[in-house]
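Asker: Coordinates in my_file.txt, compact mmCIF, C-alpha atoms, are listed below.
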```
# COMPACT_ATOMS: atom_id res chain seq x y z
CA MET A 1334 89.21 110.84 95.88
CA GLY A 1335 85.77 111.30 94.43
CA PRO A 1336 83.47 114.28 94.37
CA TRP A 1337 82.48 113.85 98.01
CA GLY A 1338 80.62 116.51 99.96
CA TYR A 1339 80.15 117.24 103.64
CA ASN A 1340 77.33 114.73 103.95
CA ASP A 1341 79.63 111.93 102.82
CA LEU A 1342 82.53 112.50 105.24
CA GLY A 1343 81.44 115.12 107.78
CA LYS A 1344 79.60 112.80 110.13
CA PHE A 1345 82.47 110.31 110.17
CA ILE A 1346 85.08 112.97 110.90
CA ALA A 1347 82.94 114.45 113.65
CA ALA A 1348 82.33 111.13 115.35
CA ASN A 1349 85.30 108.83 114.83
CA PRO A 1350 87.96 109.23 117.58
CA TYR A 1351 90.91 108.83 115.20
CA ALA A 1352 89.44 111.35 112.77
CA ARG A 1353 88.60 113.76 115.60
CA ARG A 1354 92.24 113.78 116.70
CA LEU A 1355 93.39 114.47 113.15
CA ARG A 1356 90.73 117.16 112.78
CA ARG A 1357 92.13 118.93 115.86
CA THR A 1358 95.60 118.70 114.32
CA ALA A 1359 94.21 120.15 111.09
CA ASP A 1360 92.52 123.01 112.93
CA ASP A 1361 95.79 123.80 114.73
CA VAL A 1362 98.03 123.85 111.65
CA LEU A 1363 95.53 125.47 109.29
CA GLY A 1364 94.31 128.12 111.73
CA TYR A 1365 90.64 127.62 110.94
CA SER A 1366 87.89 125.14 111.76
CA LEU A 1367 88.07 122.52 109.03
CA MET A 1368 84.55 121.28 109.64
CA ASP A 1369 83.02 124.77 109.53
CA LYS A 1370 84.74 125.52 106.25
CA TYR A 1371 83.94 122.08 104.81
CA ARG A 1372 80.28 122.40 105.74
CA THR A 1373 79.78 125.87 104.35
CA THR A 1374 82.15 126.14 101.40
CA GLY A 1375 83.29 122.62 100.64
CA THR A 1376 82.92 122.22 96.92
CA ASP A 1377 83.82 118.82 95.47
CA TYR A 1378 87.60 119.26 95.24
CA SER A 1379 88.10 122.32 97.46
CA GLU A 1380 91.01 122.65 99.89
CA TYR A 1381 88.61 121.66 102.68
CA ALA A 1382 87.26 118.62 100.82
CA GLN A 1383 90.82 117.49 100.06
CA ILE A 1384 91.86 117.79 103.73
CA ALA A 1385 88.69 115.99 104.85
CA PHE A 1386 89.48 113.19 102.40
CA LEU A 1387 93.08 113.02 103.62
CA ILE A 1388 92.27 112.79 107.32
CA SER A 1389 89.43 110.34 106.76
CA CYS A 1390 91.82 108.02 104.86
CA LEU A 1391 94.41 108.25 107.63
CA ALA A 1392 91.86 107.74 110.40
CA LEU A 1393 90.33 104.74 108.68
CA MET A 1394 93.70 103.05 108.17
CA GLU A 1395 94.75 103.76 111.75
CA HIS A 1396 91.44 102.46 113.03
CA ALA A 1397 91.62 99.33 110.89
CA GLU A 1398 95.27 98.44 111.54
CA ALA A 1399 94.44 96.12 114.42
CA ASP A 1400 92.26 94.02 112.14
CA LEU A 1401 94.64 93.78 109.19
CA ASP A 1402 95.38 90.29 107.98
CA GLY A 1403 99.18 90.06 107.64
CA GLU A 1404 101.97 92.59 107.18
CA LEU A 1405 101.62 95.61 104.94
CA VAL A 1406 104.26 95.47 102.23
CA ALA A 1407 103.68 98.61 100.16
CA CYS A 1408 101.50 101.68 99.82
CA ALA A 1409 100.03 103.23 96.68
CA GLY A 1410 98.10 106.48 96.52
CA PRO A 1411 96.82 107.26 93.04
CA SER A 1412 96.07 110.85 92.07
CA PHE A 1413 94.73 112.80 95.09
CA GLY A 1414 95.49 109.72 97.19
CA VAL A 1415 99.24 110.38 96.91
CA LYS A 1416 98.98 112.90 99.76
CA ALA A 1417 97.38 110.28 101.99
CA ALA A 1418 100.20 107.89 101.05
CA VAL A 1419 102.77 110.54 102.02
CA ALA A 1420 101.18 110.95 105.43
CA TYR A 1421 100.46 107.27 106.08
CA THR A 1422 104.00 106.19 105.29
CA GLY A 1423 105.41 108.88 107.60
CA VAL A 1424 107.25 110.80 104.89
CA LEU A 1425 105.75 113.84 106.60
CA PRO A 1426 104.13 113.97 110.04
CA ALA A 1427 100.33 114.25 109.88
CA GLY A 1428 100.24 117.98 110.63
CA GLU A 1429 102.80 118.76 107.94
CA ALA A 1430 101.07 116.49 105.42
CA ILE A 1431 97.81 118.35 106.10
CA MET A 1432 99.56 121.70 105.61
CA LEU A 1433 101.23 120.46 102.42
CA ALA A 1434 97.88 119.32 101.01
CA ALA A 1435 96.26 122.65 101.89
CA ARG A 1436 99.07 124.71 100.36
CA LEU A 1437 99.11 122.59 97.20
CA ALA A 1438 95.35 123.06 96.85
CA ARG A 1439 95.82 126.84 97.13
CA CYS A 1440 98.75 126.75 94.71
CA GLU A 1441 96.65 124.91 92.12
CA GLU A 1442 93.73 127.27 92.62
CA GLU A 1443 95.98 130.29 92.06
CA TYR A 1444 97.57 128.73 88.99
CA PHE A 1445 94.37 127.70 87.26
CA ALA A 1446 92.75 131.06 87.97
CA THR A 1447 94.97 132.52 85.25
CA GLU A 1448 96.56 129.60 83.36
CA HIS A 1449 94.80 126.88 81.37
CA ALA A 1450 91.52 128.25 82.67
CA ASP A 1451 89.69 126.68 79.72
CA VAL A 1452 91.11 123.18 80.25
CA LEU A 1453 89.14 120.39 81.92
CA THR A 1454 89.64 116.68 82.50
CA GLN A 1455 86.79 114.43 81.36
CA SER A 1456 86.43 110.85 82.54
CA ILE A 1457 84.97 108.26 80.20
CA ALA A 1458 84.06 104.61 80.74
CA ARG A 1459 83.31 101.76 78.35
CA THR A 1460 85.63 103.23 75.75
CA PRO A 1461 88.35 100.72 74.78
CA GLY A 1462 91.81 102.07 73.99
CA PRO A 1463 91.59 101.61 70.20
CA VAL A 1464 88.21 103.39 70.10
CA LEU A 1465 89.59 106.27 72.15
CA ALA A 1466 92.67 106.41 69.95
CA GLU A 1467 90.45 106.86 66.89
CA ILE A 1468 88.51 109.68 68.54
CA LEU A 1469 91.72 111.38 69.65
CA ALA A 1470 93.24 111.00 66.17
CA GLN A 1471 90.28 112.91 64.78
CA MET A 1472 90.84 115.63 67.37
CA ALA A 1473 94.45 115.84 66.30
CA GLN A 1474 93.37 116.19 62.68
CA ARG A 1475 91.23 119.14 63.71
CA ASN A 1476 94.24 120.62 65.52
CA GLU A 1477 92.45 120.30 68.85
CA TRP A 1478 94.71 119.77 71.87
CA TYR A 1479 94.19 116.81 74.20
CA ASP A 1480 96.18 114.80 76.71
CA ILE A 1481 95.39 111.48 78.37
CA SER A 1482 95.58 112.32 82.10
CA CYS A 1483 94.64 109.02 83.61
CA ARG A 1484 94.45 105.42 82.43
CA ILE A 1485 92.34 103.49 84.90
CA ASP A 1486 91.44 100.32 83.05
CA GLU A 1487 91.47 99.02 79.49
CA ASP A 1488 88.28 100.95 78.69
CA PHE A 1489 88.33 103.66 81.35
CA TYR A 1490 90.27 106.91 80.87
CA MET A 1491 90.46 110.57 81.80
CA VAL A 1492 91.26 112.96 78.97
CA SER A 1493 92.17 116.62 79.28
CA MET A 1494 91.12 119.08 76.59
CA ARG A 1495 89.99 122.63 76.07
CA GLU A 1496 86.40 123.49 76.85
CA PRO A 1497 85.35 124.11 73.20
CA SER A 1498 86.43 120.56 72.26
CA LEU A 1499 84.27 118.91 74.90
CA GLU A 1500 80.87 118.78 73.22
CA ARG A 1501 82.10 117.05 70.07
CA PHE A 1502 84.34 114.71 72.09
CA LEU A 1503 81.39 113.63 74.25
CA ARG A 1504 79.22 113.10 71.17
CA GLU A 1505 81.85 110.89 69.58
CA VAL A 1506 82.39 108.89 72.77
CA ARG A 1507 78.64 108.30 73.09
CA GLY A 1508 78.37 107.45 69.41
CA ALA A 1509 80.94 104.72 69.96
CA GLY A 1510 78.98 103.33 72.91
CA GLY A 1511 81.14 104.93 75.58
CA LEU A 1512 79.81 106.54 78.73
CA PRO A 1513 81.06 110.01 79.69
CA LEU A 1514 81.10 110.38 83.46
CA TYR A 1515 82.21 113.68 84.96
CA ALA A 1516 84.40 116.64 84.06
CA MET A 1517 86.95 117.96 86.51
CA ARG A 1518 87.60 121.69 86.58
CA PRO A 1519 90.39 122.49 87.21
CA PRO A 1520 92.10 119.71 85.24
CA MET A 1521 94.89 117.43 86.40
CA HIS A 1522 97.94 115.37 85.37
CA SER A 1523 99.08 116.84 82.07
CA SER A 1524 102.48 117.52 80.56
CA VAL A 1525 101.41 121.10 79.83
CA PHE A 1526 101.34 121.92 83.55
CA GLY A 1527 105.11 122.25 83.85
CA ALA A 1528 104.78 125.81 85.17
CA LEU A 1529 102.49 124.53 87.92
CA ARG A 1530 105.06 121.92 88.88
CA ARG A 1531 107.73 124.64 89.14
CA LYS A 1532 105.43 126.92 91.11
CA ALA A 1533 104.63 124.13 93.57
CA GLU A 1534 108.30 123.22 93.95
CA ASP A 1535 109.41 126.82 94.50
CA GLU A 1536 106.56 128.08 96.66
CA VAL A 1537 105.45 125.01 98.60
CA PHE A 1538 107.86 122.07 98.59
CA ALA A 1539 110.83 124.20 99.67
CA ASP A 1540 109.25 124.49 103.13
CA PHE A 1541 108.97 120.75 103.78
CA CYS A 1542 111.57 118.13 104.63
CA PHE A 1543 110.64 114.68 103.33
CA GLY A 1544 111.76 111.68 105.40
CA ASP A 1545 112.05 108.11 104.15
CA PRO A 1546 108.77 106.18 104.02
CA LYS A 1547 108.13 103.35 106.49
CA LEU A 1548 106.72 101.34 103.56
CA PRO A 1549 107.76 101.38 99.89
CA VAL A 1550 105.49 103.77 97.97
CA ILE A 1551 104.38 102.67 94.51
CA CYS A 1552 104.40 105.51 92.03
CA ASP A 1553 101.03 106.15 90.42
CA HIS A 1554 102.33 107.08 87.00
CA ASP A 1555 104.69 104.20 86.20
CA GLY A 1556 104.58 101.65 89.02
CA SER A 1557 108.15 102.37 90.12
CA VAL A 1558 108.87 102.04 93.81
CA ALA A 1559 110.05 104.94 95.99
CA THR A 1560 111.88 104.02 99.17
CA THR A 1561 113.36 107.42 100.05
CA GLY A 1562 111.94 110.80 100.97
CA ALA A 1563 113.54 112.28 97.88
CA GLY A 1564 111.89 109.65 95.73
CA VAL A 1565 108.44 110.32 97.18
CA ARG A 1566 108.98 114.09 96.81
CA ALA A 1567 109.81 113.63 93.12
CA MET A 1568 106.78 111.39 92.68
CA LEU A 1569 104.51 114.04 94.20
CA LEU A 1570 105.90 116.77 91.97
CA ASP A 1571 105.73 114.64 88.85
CA SER A 1572 102.06 113.94 89.50
CA PHE A 1573 101.34 117.44 88.19
CA VAL A 1574 102.75 116.63 84.77
CA ARG A 1575 102.57 112.86 84.31
CA PRO A 1576 99.39 110.85 83.73
CA VAL A 1577 98.18 108.34 86.28
CA ASN A 1578 98.66 104.81 85.01
CA TRP A 1579 96.70 102.53 87.32
CA PRO A 1580 97.37 99.32 85.32
CA ALA A 1581 101.11 99.97 85.90
CA VAL A 1582 100.45 100.21 89.65
CA VAL A 1583 98.45 96.97 89.55
CA ALA A 1584 101.30 95.25 87.68
CA ALA A 1585 103.84 96.57 90.20
CA MET A 1586 101.81 95.29 93.14
CA LYS A 1587 101.49 91.89 91.48
CA ASP A 1588 105.25 91.83 90.93
CA GLN A 1589 105.68 92.34 94.66
CA GLY A 1590 103.52 89.30 95.33
CA ILE A 1591 100.66 91.34 96.74
CA THR A 1592 97.33 89.51 96.71
CA LYS A 1593 95.22 91.66 99.00
CA ILE A 1594 94.79 95.43 99.06
CA TYR A 1595 93.14 97.63 101.67
CA ILE A 1596 91.48 100.76 100.38
CA PRO A 1597 90.69 103.40 103.01
CA GLY A 1598 88.23 106.19 102.27
CA LEU A 1599 85.25 106.49 100.02
CA ASP A 1600 86.50 104.62 96.97
CA SER A 1601 84.68 105.60 93.84
CA LEU A 1602 87.25 104.30 91.41
CA PHE A 1603 90.54 102.48 91.77
CA GLY A 1604 89.48 99.62 94.03
CA ARG A 1605 86.37 98.90 92.04
CA VAL A 1606 87.45 98.63 88.41
CA PRO A 1607 87.71 95.12 86.90
CA ASN A 1608 91.50 95.26 86.57
CA THR A 1609 91.85 95.67 90.35
CA LYS A 1610 89.15 93.20 91.34
CA ARG A 1611 90.50 90.58 88.93
CA ASN A 1612 93.98 90.69 90.45
CA PHE A 1613 93.46 91.25 94.17
CA THR A 1614 91.20 90.65 97.08
CA VAL A 1615 89.98 94.19 97.69
CA VAL A 1616 89.10 95.16 101.25
CA PRO A 1617 87.32 98.51 101.40
CA ILE A 1618 87.73 100.44 104.63
CA ASN A 1619 85.25 103.26 104.44
CA PRO A 1620 83.19 105.32 106.88
CA HIS A 1621 80.14 103.17 106.24
CA THR A 1622 81.87 99.85 106.95
CA ARG A 1623 83.49 101.28 110.11
CA GLN A 1624 80.17 102.69 111.30
CA LYS A 1625 78.45 99.33 110.74
CA GLU A 1626 81.21 97.68 112.76
CA GLY A 1627 80.61 100.02 115.66
CA GLY A 1628 83.50 102.20 114.62
CA LEU A 1629 81.89 105.34 115.95
CA MET B 319 55.38 101.82 85.37
CA TRP B 320 58.53 99.72 85.69
CA ASN B 321 58.70 96.04 86.45
CA GLU B 322 60.14 94.11 89.39
CA GLN B 323 63.25 93.13 87.48
CA PHE B 324 64.17 96.77 86.86
CA GLU B 325 63.53 97.68 90.47
CA ALA B 326 65.67 94.80 91.75
CA LEU B 327 68.58 95.70 89.45
CA LEU B 328 68.40 99.33 90.45
CA ARG B 329 68.10 98.66 94.18
CA ALA B 330 71.23 96.52 94.00
CA GLN B 331 73.17 99.71 93.16
CA LEU B 332 71.62 101.83 95.91
CA PRO B 333 73.37 100.95 99.17
CA PHE B 334 71.76 103.80 101.10
CA LEU B 335 68.16 103.01 100.16
CA PRO B 336 66.52 100.94 102.91
CA ASP B 337 64.71 97.83 101.68
CA ASP B 338 61.41 99.11 103.07
CA GLU B 339 61.69 102.54 101.43
CA GLU B 340 59.74 103.03 98.25
CA LEU B 341 61.68 103.54 95.02
CA ARG B 342 60.00 106.70 93.82
CA PRO B 343 60.34 107.84 90.18
CA GLU B 344 61.92 111.16 91.20
CA LEU B 345 64.38 109.69 93.74
CA ASP B 346 67.87 111.24 93.43
CA LEU B 347 69.89 108.11 92.66
CA ARG B 348 73.25 109.71 93.49
CA GLU B 349 72.01 110.65 96.93
CA PHE B 350 71.20 107.01 97.61
CA GLY B 351 74.60 105.72 96.55
CA LEU B 352 74.64 105.40 92.77
CA ASP B 353 78.10 106.76 91.94
CA SER B 354 79.99 106.77 88.64
CA LEU B 355 81.11 103.15 88.75
CA GLY B 356 77.65 102.14 89.94
CA VAL B 357 76.30 103.76 86.78
CA VAL B 358 78.75 101.77 84.66
CA ASP B 359 77.77 98.50 86.37
CA LEU B 360 74.08 99.30 86.07
CA LEU B 361 74.42 100.18 82.39
CA MET B 362 76.08 96.86 81.59
CA THR B 363 73.52 94.90 83.64
CA LEU B 364 70.51 96.62 82.10
CA GLU B 365 71.83 96.11 78.59
CA ALA B 366 72.36 92.41 79.24
CA GLU B 367 69.04 91.85 80.97
CA TYR B 368 66.93 93.83 78.50
CA CYS B 369 68.89 92.95 75.35
CA VAL B 370 69.34 96.56 74.33
CA ARG B 371 72.37 98.79 73.74
CA LEU B 372 72.38 102.34 74.94
CA THR B 373 74.13 104.78 72.62
CA ASP B 374 74.34 108.44 71.71
CA ASP B 375 72.46 110.96 73.83
CA ILE B 376 71.08 108.32 76.18
CA LEU B 377 74.61 107.66 77.39
CA SER B 378 74.77 110.51 79.86
CA MET B 379 74.67 110.88 83.61
CA GLU B 380 71.30 112.65 83.25
CA THR B 381 69.77 109.37 82.09
CA PHE B 382 70.83 107.86 85.41
CA ALA B 383 69.60 110.76 87.55
CA THR B 384 66.35 109.18 88.78
CA PRO B 385 64.47 105.88 88.37
CA GLY B 386 62.00 107.77 86.18
CA THR B 387 64.59 109.10 83.73
CA LEU B 388 66.33 105.75 83.50
CA TRP B 389 63.16 103.78 82.95
CA ALA B 390 61.96 106.26 80.32
CA ALA B 391 65.21 105.76 78.39
CA LEU B 392 65.02 101.99 78.66
CA ALA B 393 61.36 101.82 77.71
CA GLY B 394 62.02 104.10 74.75
CA LEU B 395 64.73 101.79 73.46
CA GLN B 396 62.54 98.74 73.89
CA ALA B 397 59.73 100.43 72.00
CA GLU B 398 62.14 101.21 69.17
CA ILE B 399 63.14 97.60 68.78
CA GLY B 400 59.63 96.30 69.40
CA THR B 401 60.33 94.55 72.69
CA ALA B 402 57.50 94.88 75.14
CA VAL B 403 57.96 94.73 78.88
CA THR B 404 55.08 93.46 80.93
CA PRO B 405 54.28 96.21 83.38
CA ASP B 406 53.55 94.91 86.84
CA ARG B 407 53.73 98.12 88.70
CA ASN B 408 51.56 101.21 88.25
CA ASP B 409 52.60 104.32 90.04
```
Could you rewrite the structure in this file as structure tokens?
Answerer:
Amino acid sequence: MGPWGYNDLGKFIAANPYARRLRRTADDVLGYSLMDKYRTTGTDYSEYAQIAFLISCLALMEHAEADLDGELVACAGPSFGVKAAVAYTGVLPAGEAIMLAARLARCEEEYFATEHADVLTQSIARTPGPVLAEILAQMAQRNEWYDISCRIDEDFYMVSMREPSLERFLREVRGAGGLPLYAMRPPMHSSVFGALRRKAEDEVFADFCFGDPKLPVICDHDGSVATTGAGVRAMLLDSFVRPVNWPAVVAAMKDQGITKIYIPGLDSLFGRVPNTKRNFTVVPINPHTRQKEGGL
Amino acid sequence: MWNEQFEALLRAQLPFLPDDEELRPELDLREFGLDSLGVVDLLMTLEAEYCVRLTDDILSMETFATPGTLWAALAGLQAEIGTAVTPDRND
């Protein structure tokens, strides 16, 4: 999921028949008009933006299924995408997956309103691991806290830190030839969010019953494979506290003999980094490709 | 202002800019499809094509906000290293 606004997904959801059906389901279970909320208050990673992303991913996959080349063998949903993976593999019915995503978004919002309010997650590109390690070692020497939240490629990372550390970190990344991209507030995927994991498990997960997935789900933090509802549930919960490791997912997919991957939704990251493109034929399935194909 | 090579490289990263629409200096590049990974690709391509290396304060998303800001950064670097670019566009 990228920082997509109403203009990026709204037209697709309003017009595509698969997305319209899911939007009606969302309106029913959420008790409000998703599109009205998304249009008027949909900040980049709001509850409404997350639901719009989820139903657009599901609609695009459903729409594209007839054209798929061969059998699907596994499903991976890195970071925000894990909720789409949960719904697509049938671990939860669509309505329940939408409700789960909404309640998790609210749970996170509540948590970060009072806890770790000064922590953000900064993405950086063109910064090889050894260079980043040197920058982080200097932070450690200054007793500044950090945590690697996401490893995307050999020179592409997301690092969580406290707000006061950001300016110097960015300066050092730029000085080393790296390119800072965007900062996510609230942050994500860090071992210090154990209390958030417990809050989500106690207040949200207890109300959902996870079935076994129709496809193996590849875990986004270590490439392990979940084939049971309990396994997917644990994977979802662990995503609060464990970093995303995309190279491990790539390796796991290669181990399964996968050569082609379909990426539904507006992909701003995982399907486009060199590590993914080098190892697989990547087939994007996004609102623009479906619209060009007469998908509306 | 900028040359054809720059415009061609930039247009290649702007999927939502029609071929017949003018690339104006103040165009919002994100609005026309330049996302984060597009910025990374464009950075690498520009450095290779213009034989420069962007560092320090130039390496920010603000540099890639519009064609004007990006060209100003690139031209500034070329001036520093004494590489002239033949202008073939004046607007």
Asker: Please check the contacts: residues of chain B at most 12 Å away from chain A, using all atoms listed in the file, listed as a PyMOL selection string.
Answerer: chain B and resi 333-334+348-362+365+370-382
Asker: Have a look at CA of Ile1384 in chain A and CA of Tyr1490 in chain A and let me know their distance in Å, one decimal.
Answerer: 25.4 Å
Asker: At a cut-off of 10 Å, using only C-alpha atoms, what residues contact Trp389 in chain B? Leave out same-chain residues fewer than 4 positions from it and give the result as a PyMOL selection string.
Answerer: chain B and resi 319-321+324-325+343+381-382+384-385+393-395
Asker: I'd like the neighbourhood of Tyr1479 in chain A as a VMD selection string, where a residue qualifies if any of its atoms comes within 8 Å (using only C-alpha atoms), though same-chain residues fewer than 5 positions away should be ignored.
Answerer: chain A and resid 1469 1472 to 1473 1492 to 1495
Asker: Could you list, as a list in words, every residue within 7 Å of range 1415-1431 of chain A, counting only C-alpha atoms and ignoring same-chain residues fewer than 2 positions away?
Answerer: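 The neighbour list is Thr1358, Ala1359, Val1362, Ile1384, Leu1387, Cys1390, Leu1391, Cys1408, Ala1409, Gly1410, Pro1411, Ser1412, Phe1413, Leu1433, Ala1434, Ala1435, Phe1543, Gly1544, Asp1545, Pro1546, Lys1547, Leu1548, Gly1562 and Leu1569 of chain A.
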Asker: Quick one: residues within 10 Å of Thr1592 in chain A, only C-alpha atoms counted, chain neighbours fewer than 2 positions away excluded, as a PyMOL selection string?
Answerer: chain A and resi 1586-1587+1589-1590+1594+1612-1615
Asker: Please compute the CA of Tyr1378 in chain A-CA of Glu1443 in chain A distance, one decimal, in Å.
Answerer: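 Computing it gives 14.2 Å between the two atoms.
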Asker: Would you work out the distance separating CA of Leu332 in chain B from CA of Leu347 in chain B, expressed in Å to one decimal?
Answerer: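 If I compute the distance from CA of Leu332 in chain B to CA of Leu347 in chain B, I get 7.3 Å.
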